[in-house]
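Colleague: Just dropping this structure here.
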Amino acid sequence: MRKLAEAKQPAVATDFFAIITLLALLTFSPCEAFVGFYVVGVRYGWTGFFLLTLVLLIGTVVGMITFTWLVLAGIQKINLRLLEKYENALIGCLLGVVGALVIFFEK
């Protein structure tokens with residue numbers, strides 16, 4: 001019988017590997033809605049794929065940093081009633097801008 005201490009220990013993951021893994025996980029997994037953009041971007045080849053991935057990566061990192069900062073700053077101290085009141089209009093405007101950009105770049 002082998003002793004437990006003699007069992008092969010798994011390699012210790014470095015911080016760099018952990019960060020890259022988390023960024024890859026956040027880039028590829030939570031955005032089923034972004035799959036449509038990848039499908040449209042197929043015609044641009046690998047350049048389009050890497051550009052879309054870069055945009056999603058930057059958006060993910062900026063979002064994570066922003067929301068972490070808001071939590072650390074004490075989100076209760078920040079008045080978000082104005083955003084809550086006009087949430088639908090803000091989302092509609094953002095979707096309209098995305099639609100206009102798609103139309104602009106399709107030509």
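By order of appearance in the structure tokens: chains A, B, ..., then residues from 1 within every chain, and ligands from 1 in the order shown.
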Write out as JSON, numbers by chain each polymer residue whose atoms come within 12 Å of stretch 39-41 of chain A, counting only C-alpha atoms; drop sequence neighbours fewer than 2 positions from it.

Modeller: {"A": [32, 33, 34, 35, 36, 37, 43, 44, 45, 46, 47, 48, 49, 50, 51, 52, 53, 102, 105, 106]}
